[in-house]
Structures are given as C-alpha cells and as structure tokens.
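Okay, work_27.cif now, which holds mmCIF, N, CA and C atoms:
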data_entry
#
loop_
_atom_site.label_atom_id
_atom_site.label_comp_id
_atom_site.auth_asym_id
_atom_site.auth_seq_id
_atom_site.Cartn_x
_atom_site.Cartn_y
_atom_site.Cartn_z
N MET A 30 -3.73 -12.43 -15.77
CA MET A 30 -3.80 -12.02 -14.38
C MET A 30 -4.19 -13.24 -13.54
N PHE A 31 -3.49 -13.42 -12.45
CA PHE A 31 -3.75 -14.54 -11.56
C PHE A 31 -4.74 -14.12 -10.49
N ALA A 32 -5.44 -15.07 -9.92
CA ALA A 32 -6.38 -14.79 -8.84
C ALA A 32 -5.61 -14.39 -7.58
N ALA A 33 -6.22 -13.55 -6.77
CA ALA A 33 -5.61 -13.15 -5.52
C ALA A 33 -5.52 -14.35 -4.58
N ALA A 34 -4.39 -14.47 -3.92
CA ALA A 34 -4.16 -15.60 -3.01
C ALA A 34 -4.27 -15.14 -1.57
N LEU A 35 -4.80 -16.02 -0.71
CA LEU A 35 -4.80 -15.74 0.72
C LEU A 35 -3.37 -15.70 1.22
N LEU A 36 -3.09 -14.78 2.10
CA LEU A 36 -1.75 -14.69 2.67
C LEU A 36 -1.65 -15.67 3.84
N ALA A 37 -0.57 -16.39 3.87
CA ALA A 37 -0.35 -17.37 4.93
C ALA A 37 0.65 -16.82 5.94
N CYS A 38 0.40 -15.59 6.38
CA CYS A 38 1.30 -14.97 7.35
C CYS A 38 0.53 -13.92 8.13
N GLN A 39 1.15 -13.42 9.15
CA GLN A 39 0.62 -12.30 9.92
C GLN A 39 1.18 -11.03 9.28
N LEU A 40 0.30 -10.14 8.79
CA LEU A 40 0.77 -8.89 8.20
C LEU A 40 1.29 -7.96 9.29
N VAL A 41 2.39 -7.30 8.99
CA VAL A 41 2.97 -6.29 9.87
C VAL A 41 3.03 -5.00 9.07
N VAL A 42 2.53 -3.91 9.63
CA VAL A 42 2.56 -2.62 8.96
C VAL A 42 3.90 -1.96 9.22
N ILE A 43 4.58 -1.60 8.14
CA ILE A 43 5.85 -0.88 8.24
C ILE A 43 5.58 0.62 8.28
N ASP A 44 4.82 1.10 7.31
CA ASP A 44 4.40 2.50 7.26
C ASP A 44 3.07 2.56 6.53
N GLY A 45 2.65 3.71 6.06
CA GLY A 45 1.34 3.87 5.49
C GLY A 45 1.11 3.24 4.13
N ASP A 46 2.17 2.73 3.50
CA ASP A 46 2.02 2.09 2.20
C ASP A 46 2.84 0.82 2.04
N THR A 47 3.39 0.32 3.13
CA THR A 47 4.24 -0.87 3.06
C THR A 47 3.90 -1.84 4.19
N LEU A 48 3.80 -3.11 3.83
CA LEU A 48 3.52 -4.19 4.78
C LEU A 48 4.65 -5.21 4.71
N LYS A 49 4.69 -6.05 5.71
CA LYS A 49 5.63 -7.16 5.70
C LYS A 49 4.84 -8.44 5.98
N CYS A 50 5.14 -9.47 5.20
CA CYS A 50 4.52 -10.79 5.36
C CYS A 50 5.70 -11.76 5.43
N GLY A 51 6.03 -12.20 6.63
CA GLY A 51 7.25 -13.00 6.78
C GLY A 51 8.44 -12.13 6.38
N LYS A 52 9.24 -12.60 5.43
CA LYS A 52 10.40 -11.83 4.94
C LYS A 52 10.06 -10.96 3.73
N GLU A 53 8.84 -11.11 3.21
CA GLU A 53 8.43 -10.37 2.01
C GLU A 53 7.92 -8.98 2.37
N HIS A 54 8.53 -7.95 1.77
CA HIS A 54 8.05 -6.59 1.92
C HIS A 54 7.09 -6.31 0.77
N ILE A 55 5.91 -5.79 1.10
CA ILE A 55 4.85 -5.57 0.12
C ILE A 55 4.51 -4.09 0.07
N ARG A 56 4.66 -3.52 -1.12
CA ARG A 56 4.34 -2.09 -1.36
C ARG A 56 2.96 -2.03 -1.98
N LEU A 57 2.04 -1.33 -1.31
CA LEU A 57 0.68 -1.19 -1.84
C LEU A 57 0.72 -0.45 -3.17
N LEU A 58 -0.03 -0.95 -4.11
CA LEU A 58 -0.04 -0.44 -5.47
C LEU A 58 -0.74 0.90 -5.58
N GLY A 59 -0.12 1.84 -6.29
CA GLY A 59 -0.76 3.08 -6.70
C GLY A 59 -0.87 4.17 -5.67
N ILE A 60 -0.24 4.02 -4.52
CA ILE A 60 -0.34 5.06 -3.50
C ILE A 60 1.03 5.46 -2.96
N ASP A 61 1.05 6.63 -2.34
CA ASP A 61 2.23 7.11 -1.62
C ASP A 61 1.73 7.70 -0.32
N ALA A 62 2.35 7.30 0.78
CA ALA A 62 1.97 7.78 2.11
C ALA A 62 3.09 8.64 2.68
N PRO A 63 2.78 9.48 3.66
CA PRO A 63 3.82 10.29 4.30
C PRO A 63 4.94 9.41 4.86
N GLU A 64 6.15 9.87 4.72
CA GLU A 64 7.32 9.12 5.19
C GLU A 64 7.55 9.30 6.68
N LEU A 65 7.99 8.24 7.33
CA LEU A 65 8.38 8.32 8.73
C LEU A 65 9.61 9.22 8.84
N PRO A 66 9.84 9.83 10.01
CA PRO A 66 10.98 10.73 10.17
C PRO A 66 12.29 10.07 9.71
N GLY A 67 13.04 10.83 8.92
CA GLY A 67 14.33 10.36 8.43
C GLY A 67 14.26 9.49 7.19
N HIS A 68 13.06 9.22 6.67
CA HIS A 68 12.92 8.34 5.51
C HIS A 68 12.75 9.07 4.19
N CYS A 69 12.58 10.37 4.22
CA CYS A 69 12.43 11.14 2.98
C CYS A 69 13.82 11.57 2.52
N ARG A 70 14.28 10.92 1.44
CA ARG A 70 15.62 11.22 0.94
C ARG A 70 15.74 12.68 0.49
N LYS A 71 16.90 13.24 0.64
CA LYS A 71 17.18 14.62 0.24
C LYS A 71 16.88 14.76 -1.26
N GLY A 72 16.18 15.83 -1.60
CA GLY A 72 15.85 16.09 -2.99
C GLY A 72 14.56 15.45 -3.47
N ARG A 73 13.93 14.63 -2.65
CA ARG A 73 12.68 13.97 -3.03
C ARG A 73 11.50 14.76 -2.48
N ALA A 74 10.47 14.92 -3.29
CA ALA A 74 9.24 15.57 -2.84
C ALA A 74 8.36 14.51 -2.20
N CYS A 75 8.35 14.46 -0.87
CA CYS A 75 7.58 13.46 -0.16
C CYS A 75 6.19 13.98 0.16
N VAL A 76 5.26 13.06 0.29
CA VAL A 76 3.86 13.39 0.57
C VAL A 76 3.76 14.04 1.95
N ALA A 77 2.99 15.12 1.99
CA ALA A 77 2.75 15.81 3.26
C ALA A 77 1.75 15.00 4.09
N GLY A 78 1.83 15.19 5.39
CA GLY A 78 0.87 14.53 6.27
C GLY A 78 1.54 13.88 7.45
N ASP A 79 0.75 13.27 8.27
CA ASP A 79 1.20 12.63 9.51
C ASP A 79 1.54 11.16 9.23
N PRO A 80 2.82 10.80 9.22
CA PRO A 80 3.18 9.42 8.93
C PRO A 80 2.69 8.43 9.99
N PHE A 81 2.57 8.87 11.22
CA PHE A 81 2.12 7.98 12.29
C PHE A 81 0.62 7.70 12.17
N ALA A 82 -0.15 8.72 11.80
CA ALA A 82 -1.58 8.52 11.57
C ALA A 82 -1.80 7.63 10.35
N SER A 83 -0.98 7.79 9.33
CA SER A 83 -1.10 6.96 8.13
C SER A 83 -0.82 5.50 8.46
N ARG A 84 0.21 5.27 9.23
CA ARG A 84 0.54 3.90 9.65
C ARG A 84 -0.58 3.32 10.52
N ALA A 85 -1.11 4.13 11.44
CA ALA A 85 -2.20 3.67 12.31
C ALA A 85 -3.46 3.33 11.49
N SER A 86 -3.72 4.10 10.44
CA SER A 86 -4.87 3.82 9.57
C SER A 86 -4.72 2.46 8.91
N LEU A 87 -3.53 2.17 8.41
CA LEU A 87 -3.30 0.87 7.77
C LEU A 87 -3.36 -0.26 8.80
N GLN A 88 -2.85 -0.02 10.00
CA GLN A 88 -2.93 -1.03 11.06
C GLN A 88 -4.38 -1.36 11.39
N ALA A 89 -5.24 -0.34 11.43
CA ALA A 89 -6.66 -0.57 11.71
C ALA A 89 -7.30 -1.36 10.57
N ALA A 90 -6.93 -1.05 9.34
CA ALA A 90 -7.54 -1.70 8.16
C ALA A 90 -7.20 -3.18 8.07
N ILE A 91 -6.01 -3.58 8.49
CA ILE A 91 -5.63 -5.00 8.32
C ILE A 91 -6.35 -5.91 9.31
N ARG A 92 -7.09 -5.34 10.23
CA ARG A 92 -7.87 -6.14 11.18
C ARG A 92 -9.24 -6.52 10.64
N SER A 93 -9.53 -6.17 9.38
CA SER A 93 -10.86 -6.36 8.79
C SER A 93 -11.19 -7.79 8.40
N GLY A 94 -10.20 -8.65 8.37
CA GLY A 94 -10.48 -10.03 7.98
C GLY A 94 -9.27 -10.66 7.32
N PRO A 95 -9.46 -11.84 6.76
CA PRO A 95 -8.33 -12.53 6.11
C PRO A 95 -7.73 -11.66 5.01
N ALA A 96 -6.43 -11.68 4.91
CA ALA A 96 -5.73 -10.88 3.90
C ALA A 96 -5.52 -11.69 2.62
N ARG A 97 -5.74 -11.01 1.50
CA ARG A 97 -5.48 -11.58 0.17
C ARG A 97 -4.54 -10.65 -0.57
N ILE A 98 -3.75 -11.21 -1.44
CA ILE A 98 -2.78 -10.42 -2.20
C ILE A 98 -2.81 -10.80 -3.68
N GLN A 99 -2.69 -9.77 -4.51
CA GLN A 99 -2.52 -9.95 -5.95
C GLN A 99 -1.19 -9.30 -6.30
N ARG A 100 -0.16 -10.11 -6.44
CA ARG A 100 1.16 -9.60 -6.78
C ARG A 100 1.19 -9.16 -8.24
N VAL A 101 1.79 -7.98 -8.50
CA VAL A 101 1.86 -7.49 -9.87
C VAL A 101 3.28 -7.18 -10.33
N GLY A 102 4.26 -7.31 -9.46
CA GLY A 102 5.64 -7.06 -9.86
C GLY A 102 6.50 -6.72 -8.66
N LYS A 103 7.65 -6.13 -8.97
CA LYS A 103 8.62 -5.70 -7.95
C LYS A 103 8.97 -4.25 -8.21
N ASP A 104 9.29 -3.51 -7.16
CA ASP A 104 9.75 -2.14 -7.36
C ASP A 104 11.28 -2.12 -7.38
N ARG A 105 11.86 -0.95 -7.55
CA ARG A 105 13.32 -0.84 -7.68
C ARG A 105 14.06 -1.22 -6.41
N TYR A 106 13.35 -1.34 -5.29
CA TYR A 106 13.97 -1.74 -4.02
C TYR A 106 13.77 -3.23 -3.74
N GLY A 107 13.15 -3.95 -4.67
CA GLY A 107 12.92 -5.38 -4.51
C GLY A 107 11.66 -5.74 -3.74
N ARG A 108 10.87 -4.73 -3.39
CA ARG A 108 9.60 -5.00 -2.69
C ARG A 108 8.57 -5.51 -3.68
N THR A 109 7.68 -6.37 -3.22
CA THR A 109 6.56 -6.84 -4.02
C THR A 109 5.56 -5.71 -4.18
N LEU A 110 5.18 -5.42 -5.42
CA LEU A 110 4.10 -4.48 -5.69
C LEU A 110 2.82 -5.29 -5.76
N ALA A 111 1.79 -4.85 -5.03
CA ALA A 111 0.60 -5.69 -4.97
C ALA A 111 -0.65 -4.91 -4.59
N GLU A 112 -1.78 -5.46 -5.04
CA GLU A 112 -3.07 -5.08 -4.49
C GLU A 112 -3.25 -6.00 -3.28
N VAL A 113 -3.65 -5.44 -2.16
CA VAL A 113 -3.85 -6.24 -0.95
C VAL A 113 -5.22 -5.89 -0.39
N TRP A 114 -5.94 -6.91 0.03
CA TRP A 114 -7.25 -6.75 0.66
C TRP A 114 -7.19 -7.34 2.06
N SER A 115 -7.93 -6.73 2.96
CA SER A 115 -8.16 -7.29 4.28
C SER A 115 -9.67 -7.38 4.40
N GLY A 116 -10.17 -8.60 4.45
CA GLY A 116 -11.62 -8.77 4.33
C GLY A 116 -12.03 -8.26 2.96
N ALA A 117 -13.00 -7.38 2.92
CA ALA A 117 -13.46 -6.80 1.65
C ALA A 117 -12.76 -5.49 1.29
N LYS A 118 -11.86 -5.01 2.16
CA LYS A 118 -11.21 -3.72 1.94
C LYS A 118 -9.97 -3.84 1.06
N ASN A 119 -9.96 -3.08 -0.04
CA ASN A 119 -8.74 -2.89 -0.81
C ASN A 119 -7.93 -1.87 -0.01
N LEU A 120 -6.74 -2.24 0.42
CA LEU A 120 -5.98 -1.39 1.33
C LEU A 120 -5.51 -0.09 0.69
N SER A 121 -5.21 -0.09 -0.60
CA SER A 121 -4.85 1.17 -1.27
C SER A 121 -6.05 2.12 -1.26
N CYS A 122 -7.21 1.61 -1.61
CA CYS A 122 -8.43 2.42 -1.60
C CYS A 122 -8.71 2.95 -0.19
N TRP A 123 -8.56 2.09 0.78
CA TRP A 123 -8.78 2.48 2.18
C TRP A 123 -7.88 3.66 2.56
N GLN A 124 -6.61 3.56 2.24
CA GLN A 124 -5.67 4.62 2.61
C GLN A 124 -6.00 5.93 1.92
N ILE A 125 -6.41 5.86 0.65
CA ILE A 125 -6.81 7.08 -0.06
C ILE A 125 -8.05 7.67 0.60
N LYS A 126 -9.05 6.83 0.85
CA LYS A 126 -10.31 7.29 1.44
C LYS A 126 -10.09 7.93 2.81
N GLN A 127 -9.18 7.38 3.59
CA GLN A 127 -8.89 7.90 4.93
C GLN A 127 -7.97 9.12 4.89
N ARG A 128 -7.54 9.51 3.69
CA ARG A 128 -6.58 10.61 3.48
C ARG A 128 -5.25 10.32 4.17
N ALA A 129 -4.92 9.04 4.23
CA ALA A 129 -3.67 8.59 4.84
C ALA A 129 -2.62 8.36 3.77
N ALA A 130 -2.99 8.49 2.50
CA ALA A 130 -2.08 8.34 1.36
C ALA A 130 -2.71 9.04 0.17
N VAL A 131 -1.89 9.28 -0.84
CA VAL A 131 -2.39 9.88 -2.08
C VAL A 131 -2.21 8.89 -3.22
N TYR A 132 -3.08 9.03 -4.21
CA TYR A 132 -2.99 8.21 -5.42
C TYR A 132 -1.88 8.74 -6.31
N VAL A 133 -1.07 7.82 -6.87
CA VAL A 133 0.00 8.17 -7.80
C VAL A 133 -0.17 7.31 -9.04
N ALA A 134 -0.69 7.92 -10.10
CA ALA A 134 -1.02 7.17 -11.32
C ALA A 134 0.19 6.43 -11.90
N ARG A 135 1.36 7.05 -11.86
CA ARG A 135 2.54 6.39 -12.48
C ARG A 135 3.00 5.15 -11.70
N TRP A 136 2.50 4.98 -10.48
CA TRP A 136 2.82 3.79 -9.68
C TRP A 136 1.70 2.77 -9.69
N ASP A 137 0.72 2.99 -10.55
CA ASP A 137 -0.47 2.14 -10.59
C ASP A 137 -0.43 1.24 -11.82
N ASN A 138 0.23 0.09 -11.69
CA ASN A 138 0.35 -0.86 -12.79
C ASN A 138 -1.03 -1.20 -13.35
N ASP A 139 -1.17 -1.04 -14.66
CA ASP A 139 -2.42 -1.35 -15.36
C ASP A 139 -3.64 -0.63 -14.78
N GLN A 140 -3.39 0.48 -14.05
CA GLN A 140 -4.47 1.28 -13.46
C GLN A 140 -5.38 0.44 -12.54
N LEU A 141 -4.81 -0.57 -11.89
CA LEU A 141 -5.59 -1.46 -11.04
C LEU A 141 -6.21 -0.73 -9.84
N THR A 142 -5.45 0.18 -9.24
CA THR A 142 -5.99 0.92 -8.10
C THR A 142 -7.09 1.87 -8.55
N ALA A 143 -6.89 2.55 -9.67
CA ALA A 143 -7.91 3.45 -10.19
C ALA A 143 -9.20 2.70 -10.48
N LYS A 144 -9.08 1.49 -11.01
CA LYS A 144 -10.27 0.68 -11.29
C LYS A 144 -10.93 0.17 -10.00
N ALA A 145 -10.12 -0.12 -8.99
CA ALA A 145 -10.65 -0.65 -7.72
C ALA A 145 -11.35 0.42 -6.88
N CYS A 146 -10.94 1.68 -7.03
CA CYS A 146 -11.51 2.75 -6.21
C CYS A 146 -11.99 3.92 -7.06
N PRO A 147 -12.88 3.69 -8.01
CA PRO A 147 -13.28 4.76 -8.94
C PRO A 147 -13.99 5.94 -8.27
N ASN A 148 -14.62 5.74 -7.17
CA ASN A 148 -15.37 6.83 -6.52
C ASN A 148 -14.48 7.74 -5.69
N LEU A 149 -13.19 7.46 -5.65
CA LEU A 149 -12.29 8.26 -4.81
C LEU A 149 -11.56 9.34 -5.59
N PHE A 150 -11.77 9.39 -6.91
CA PHE A 150 -11.02 10.38 -7.72
C PHE A 150 -11.97 11.38 -8.34
#

Would it be possible to restate this file's structure as structure tokens?
Amino acid sequence: MFAAALLACQLVVIDGDTLKCGKEHIRLLGIDAPELPGHCRKGRACVAGDPFASRASLQAAIRSGPARIQRVGKDRYGRTLAEVWSGAKNLSCWQIKQRAAVYVARWDNDQLTAKACPNLF
C-alpha cells in the first residue's frame, strides 16, 4: 500500500460519491450516494435519498483542508477508486455519517472504508 498523496488540483464535486481532479474522475471507496435525476439506469436499484443534499454534503466536506488521495484501483467506468481525505475527514466516512450515502461492502476494496469508519456500522 502506498502513502496517500496530496492532490495538486481543485476538487470538484460531481455528485455525492464522485469527485473530479483535473481530468481524473474519482469514485469514493465503499459508498453509494443517491443518483442525480436521470442517472439511475433502468433496472438498477439506486440508493434512496436526496441527491442534491448528498452533493451539498460532499461540497461542504471538501472545504475542510488540503485534500489527500489513496488510489486503490479503477472501476468499470474507468474512474479512479480511492480513499480521499479533506483535512482530517475521510470523505466516505463523512458521507455515511451525514446519511448522504450508504456503505456498500462489495465496493470496499480490502475493507478500507470499514476500517476507516468503524463506529459508523
């Protein structure tokens, strides 16, 4: 496992579980957030909740300080799968704690999110 690196970009929130750093799309590890209108594919069971509130929660969290990233792979859409911190906040943990996303064990490589936020389960 490599050490988390400081991000050399301005993070942009796409939705409640996805960020953009320059041209790199980053999917937060181990969580699923409500989909923005029109983004839940037919036949998929999407997370219930307010997608705009989820996105706003992540936008508030990224203001906590310098961002660091621990890349762990790529998803089937080519997005970087990663643990991301803003200041001392693990953003996946933050989203779960704020009820802006749900934990999904099968999307949690090496159970990194479960280990990072043990008091949330």

Residues matched by the PyMOL selection byres ((chain A and resi 46-59) around 6.5), written as a short mmCIF file (atom, residue, chain, number, x, y, z; two decimals) with N, CA and C atoms, in the coordinates of the input:
data_model
loop_
_atom_site.label_atom_id
_atom_site.label_comp_id
_atom_site.auth_asym_id
_atom_site.auth_seq_id
_atom_site.Cartn_x
_atom_site.Cartn_y
_atom_site.Cartn_z
N CYS A 38 0.40 -15.59 6.38
CA CYS A 38 1.30 -14.97 7.35
C CYS A 38 0.53 -13.92 8.13
N GLN A 39 1.15 -13.42 9.15
CA GLN A 39 0.62 -12.30 9.92
C GLN A 39 1.18 -11.03 9.28
N LEU A 40 0.30 -10.14 8.79
CA LEU A 40 0.77 -8.89 8.20
C LEU A 40 1.29 -7.96 9.29
N VAL A 41 2.39 -7.30 8.99
CA VAL A 41 2.97 -6.29 9.87
C VAL A 41 3.03 -5.00 9.07
N VAL A 42 2.53 -3.91 9.63
CA VAL A 42 2.56 -2.62 8.96
C VAL A 42 3.90 -1.96 9.22
N ILE A 43 4.58 -1.60 8.14
CA ILE A 43 5.85 -0.88 8.24
C ILE A 43 5.58 0.62 8.28
N ASP A 44 4.82 1.10 7.31
CA ASP A 44 4.40 2.50 7.26
C ASP A 44 3.07 2.56 6.53
N GLY A 45 2.65 3.71 6.06
CA GLY A 45 1.34 3.87 5.49
C GLY A 45 1.11 3.24 4.13
N ILE A 60 -0.24 4.02 -4.52
CA ILE A 60 -0.34 5.06 -3.50
C ILE A 60 1.03 5.46 -2.96
N ASP A 61 1.05 6.63 -2.34
CA ASP A 61 2.23 7.11 -1.62
C ASP A 61 1.73 7.70 -0.32
N ALA A 62 2.35 7.30 0.78
CA ALA A 62 1.97 7.78 2.11
C ALA A 62 3.09 8.64 2.68
N SER A 83 -0.98 7.79 9.33
CA SER A 83 -1.10 6.96 8.13
C SER A 83 -0.82 5.50 8.46
N ARG A 84 0.21 5.27 9.23
CA ARG A 84 0.54 3.90 9.65
C ARG A 84 -0.58 3.32 10.52
N GLY A 107 13.15 -3.95 -4.67
CA GLY A 107 12.92 -5.38 -4.51
C GLY A 107 11.66 -5.74 -3.74
N ARG A 108 10.87 -4.73 -3.39
CA ARG A 108 9.60 -5.00 -2.69
C ARG A 108 8.57 -5.51 -3.68
N THR A 109 7.68 -6.37 -3.22
CA THR A 109 6.56 -6.84 -4.02
C THR A 109 5.56 -5.71 -4.18
N LEU A 110 5.18 -5.42 -5.42
CA LEU A 110 4.10 -4.48 -5.69
C LEU A 110 2.82 -5.29 -5.76
N ALA A 111 1.79 -4.85 -5.03
CA ALA A 111 0.60 -5.69 -4.97
C ALA A 111 -0.65 -4.91 -4.59
N GLU A 112 -1.78 -5.46 -5.04
CA GLU A 112 -3.07 -5.08 -4.49
C GLU A 112 -3.25 -6.00 -3.28
N VAL A 113 -3.65 -5.44 -2.16
CA VAL A 113 -3.85 -6.24 -0.95
C VAL A 113 -5.22 -5.89 -0.39
N SER A 121 -5.21 -0.09 -0.60
CA SER A 121 -4.85 1.17 -1.27
C SER A 121 -6.05 2.12 -1.26
N VAL A 131 -1.89 9.28 -0.84
CA VAL A 131 -2.39 9.88 -2.08
C VAL A 131 -2.21 8.89 -3.22
N TYR A 132 -3.08 9.03 -4.21
CA TYR A 132 -2.99 8.21 -5.42
C TYR A 132 -1.88 8.74 -6.31
N VAL A 133 -1.07 7.82 -6.87
CA VAL A 133 0.00 8.17 -7.80
C VAL A 133 -0.17 7.31 -9.04
N ALA A 134 -0.69 7.92 -10.10
CA ALA A 134 -1.02 7.17 -11.32
C ALA A 134 0.19 6.43 -11.90
N TRP A 136 2.50 4.98 -10.48
CA TRP A 136 2.82 3.79 -9.68
C TRP A 136 1.70 2.77 -9.69
N ASP A 137 0.72 2.99 -10.55
CA ASP A 137 -0.47 2.14 -10.59
C ASP A 137 -0.43 1.24 -11.82
N ASN A 138 0.23 0.09 -11.69
CA ASN A 138 0.35 -0.86 -12.79
C ASN A 138 -1.03 -1.20 -13.35
N THR A 142 -5.45 0.18 -9.24
CA THR A 142 -5.99 0.92 -8.10
C THR A 142 -7.09 1.87 -8.55
#

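Between atom N of Ser86 in chain A and CA of Ala129 in chain A lies a distance of 7.2 Å.
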
* To do: Mind listing the strand (DSSP E or B) residues of chain A, per DSSP on the backbone, as a VMD selection string?
  => chain A and resid 34 to 35 40 to 44 47 to 50 53 to 57 60 to 61 96 to 103 109 to 115 118 to 119 131 to 132

Please write the residues from the selection above to a file, keeping N, CA and C atoms, as a compact mmCIF listing (two decimals), in the frame of the given file.
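The new file selection-v5.txt reads:
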# COMPACT_ATOMS: atom_id res chain seq x y z
N ALA A 34 -4.39 -14.47 -3.92
CA ALA A 34 -4.16 -15.60 -3.01
C ALA A 34 -4.27 -15.14 -1.57
N LEU A 35 -4.80 -16.02 -0.71
CA LEU A 35 -4.80 -15.74 0.72
C LEU A 35 -3.37 -15.70 1.22
N LEU A 40 0.30 -10.14 8.79
CA LEU A 40 0.77 -8.89 8.20
C LEU A 40 1.29 -7.96 9.29
N VAL A 41 2.39 -7.30 8.99
CA VAL A 41 2.97 -6.29 9.87
C VAL A 41 3.03 -5.00 9.07
N VAL A 42 2.53 -3.91 9.63
CA VAL A 42 2.56 -2.62 8.96
C VAL A 42 3.90 -1.96 9.22
N ILE A 43 4.58 -1.60 8.14
CA ILE A 43 5.85 -0.88 8.24
C ILE A 43 5.58 0.62 8.28
N ASP A 44 4.82 1.10 7.31
CA ASP A 44 4.40 2.50 7.26
C ASP A 44 3.07 2.56 6.53
N THR A 47 3.39 0.32 3.13
CA THR A 47 4.24 -0.87 3.06
C THR A 47 3.90 -1.84 4.19
N LEU A 48 3.80 -3.11 3.83
CA LEU A 48 3.52 -4.19 4.78
C LEU A 48 4.65 -5.21 4.71
N LYS A 49 4.69 -6.05 5.71
CA LYS A 49 5.63 -7.16 5.70
C LYS A 49 4.84 -8.44 5.98
N CYS A 50 5.14 -9.47 5.20
CA CYS A 50 4.52 -10.79 5.36
C CYS A 50 5.70 -11.76 5.43
N GLU A 53 8.84 -11.11 3.21
CA GLU A 53 8.43 -10.37 2.01
C GLU A 53 7.92 -8.98 2.37
N HIS A 54 8.53 -7.95 1.77
CA HIS A 54 8.05 -6.59 1.92
C HIS A 54 7.09 -6.31 0.77
N ILE A 55 5.91 -5.79 1.10
CA ILE A 55 4.85 -5.57 0.12
C ILE A 55 4.51 -4.09 0.07
N ARG A 56 4.66 -3.52 -1.12
CA ARG A 56 4.34 -2.09 -1.36
C ARG A 56 2.96 -2.03 -1.98
N LEU A 57 2.04 -1.33 -1.31
CA LEU A 57 0.68 -1.19 -1.84
C LEU A 57 0.72 -0.45 -3.17
N ILE A 60 -0.24 4.02 -4.52
CA ILE A 60 -0.34 5.06 -3.50
C ILE A 60 1.03 5.46 -2.96
N ASP A 61 1.05 6.63 -2.34
CA ASP A 61 2.23 7.11 -1.62
C ASP A 61 1.73 7.70 -0.32
N ALA A 96 -6.43 -11.68 4.91
CA ALA A 96 -5.73 -10.88 3.90
C ALA A 96 -5.52 -11.69 2.62
N ARG A 97 -5.74 -11.01 1.50
CA ARG A 97 -5.48 -11.58 0.17
C ARG A 97 -4.54 -10.65 -0.57
N ILE A 98 -3.75 -11.21 -1.44
CA ILE A 98 -2.78 -10.42 -2.20
C ILE A 98 -2.81 -10.80 -3.68
N GLN A 99 -2.69 -9.77 -4.51
CA GLN A 99 -2.52 -9.95 -5.95
C GLN A 99 -1.19 -9.30 -6.30
N ARG A 100 -0.16 -10.11 -6.44
CA ARG A 100 1.16 -9.60 -6.78
C ARG A 100 1.19 -9.16 -8.24
N VAL A 101 1.79 -7.98 -8.50
CA VAL A 101 1.86 -7.49 -9.87
C VAL A 101 3.28 -7.18 -10.33
N GLY A 102 4.26 -7.31 -9.46
CA GLY A 102 5.64 -7.06 -9.86
C GLY A 102 6.50 -6.72 -8.66
N LYS A 103 7.65 -6.13 -8.97
CA LYS A 103 8.62 -5.70 -7.95
C LYS A 103 8.97 -4.25 -8.21
N THR A 109 7.68 -6.37 -3.22
CA THR A 109 6.56 -6.84 -4.02
C THR A 109 5.56 -5.71 -4.18
N LEU A 110 5.18 -5.42 -5.42
CA LEU A 110 4.10 -4.48 -5.69
C LEU A 110 2.82 -5.29 -5.76
N ALA A 111 1.79 -4.85 -5.03
CA ALA A 111 0.60 -5.69 -4.97
C ALA A 111 -0.65 -4.91 -4.59
N GLU A 112 -1.78 -5.46 -5.04
CA GLU A 112 -3.07 -5.08 -4.49
C GLU A 112 -3.25 -6.00 -3.28
N VAL A 113 -3.65 -5.44 -2.16
CA VAL A 113 -3.85 -6.24 -0.95
C VAL A 113 -5.22 -5.89 -0.39
N TRP A 114 -5.94 -6.91 0.03
CA TRP A 114 -7.25 -6.75 0.66
C TRP A 114 -7.19 -7.34 2.06
N SER A 115 -7.93 -6.73 2.96
CA SER A 115 -8.16 -7.29 4.28
C SER A 115 -9.67 -7.38 4.40
N LYS A 118 -11.86 -5.01 2.16
CA LYS A 118 -11.21 -3.72 1.94
C LYS A 118 -9.97 -3.84 1.06
N ASN A 119 -9.96 -3.08 -0.04
CA ASN A 119 -8.74 -2.89 -0.81
C ASN A 119 -7.93 -1.87 -0.01
N VAL A 131 -1.89 9.28 -0.84
CA VAL A 131 -2.39 9.88 -2.08
C VAL A 131 -2.21 8.89 -3.22
N TYR A 132 -3.08 9.03 -4.21
CA TYR A 132 -2.99 8.21 -5.42
C TYR A 132 -1.88 8.74 -6.31

* Residue nearest Ala33 in chain A - candidates A:Ile98, A:Ile91, A:Phe150, A:Ala85, atoms counted: only N, CA and C atoms -> A:Ile98

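Taking all atoms listed in the file into account, Gln99 in chain A lies nearest to A:Trp114 out of the set A:Arg70, A:Gln140, A:Lys126, A:Trp114.
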
* Atom-to-atom span, CA of Gly116 in chain A and atom N of Leu35 in chain A, Å -> 11.2 Å

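The gap separating CA of Arg97 in chain A from CA of Ala32 in chain A is 9.6 Å, in Å to one decimal.
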
* Please determine the residues with any atom at most 7 Å from (7.6, 7.8, 9.0) (coordinates as given in the file, with only C-alpha atoms counting) and report them as a ChimeraX atom specification. => /A:44,63-66,68,80-81

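Every residue of range 31-124 of chain A found in alpha helix (DSSP H) when DSSP is run on the backbone appears here: Pro80, Phe81, Ala82, Ser83, Arg84, Ala85, Ser86, Leu87, Gln88, Ala89, Ala90, Leu120, Ser121, Cys122, Trp123 and Gln124 of chain A.
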
* To do: Taking the file above as input, evaluate the PyMOL selection byres (((chain A and resi 93 and name CA) around 10) and name CA) and report the hits as JSON, numbers by chain.
  => {"A": [88, 89, 90, 91, 92, 94, 95, 96, 114, 115, 116, 117, 118]}

* Asked: Which of these residues is nearest to Cys146 in chain A, using all atoms listed in the file: A:Ala37, A:Ala74, A:Ala82, A:Cys122?
  -> A:Cys122

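Closest to Trp123 in chain A among A:Cys69, A:Leu141, A:Leu87, A:Val76 is A:Leu87, based on all atoms listed in the file.
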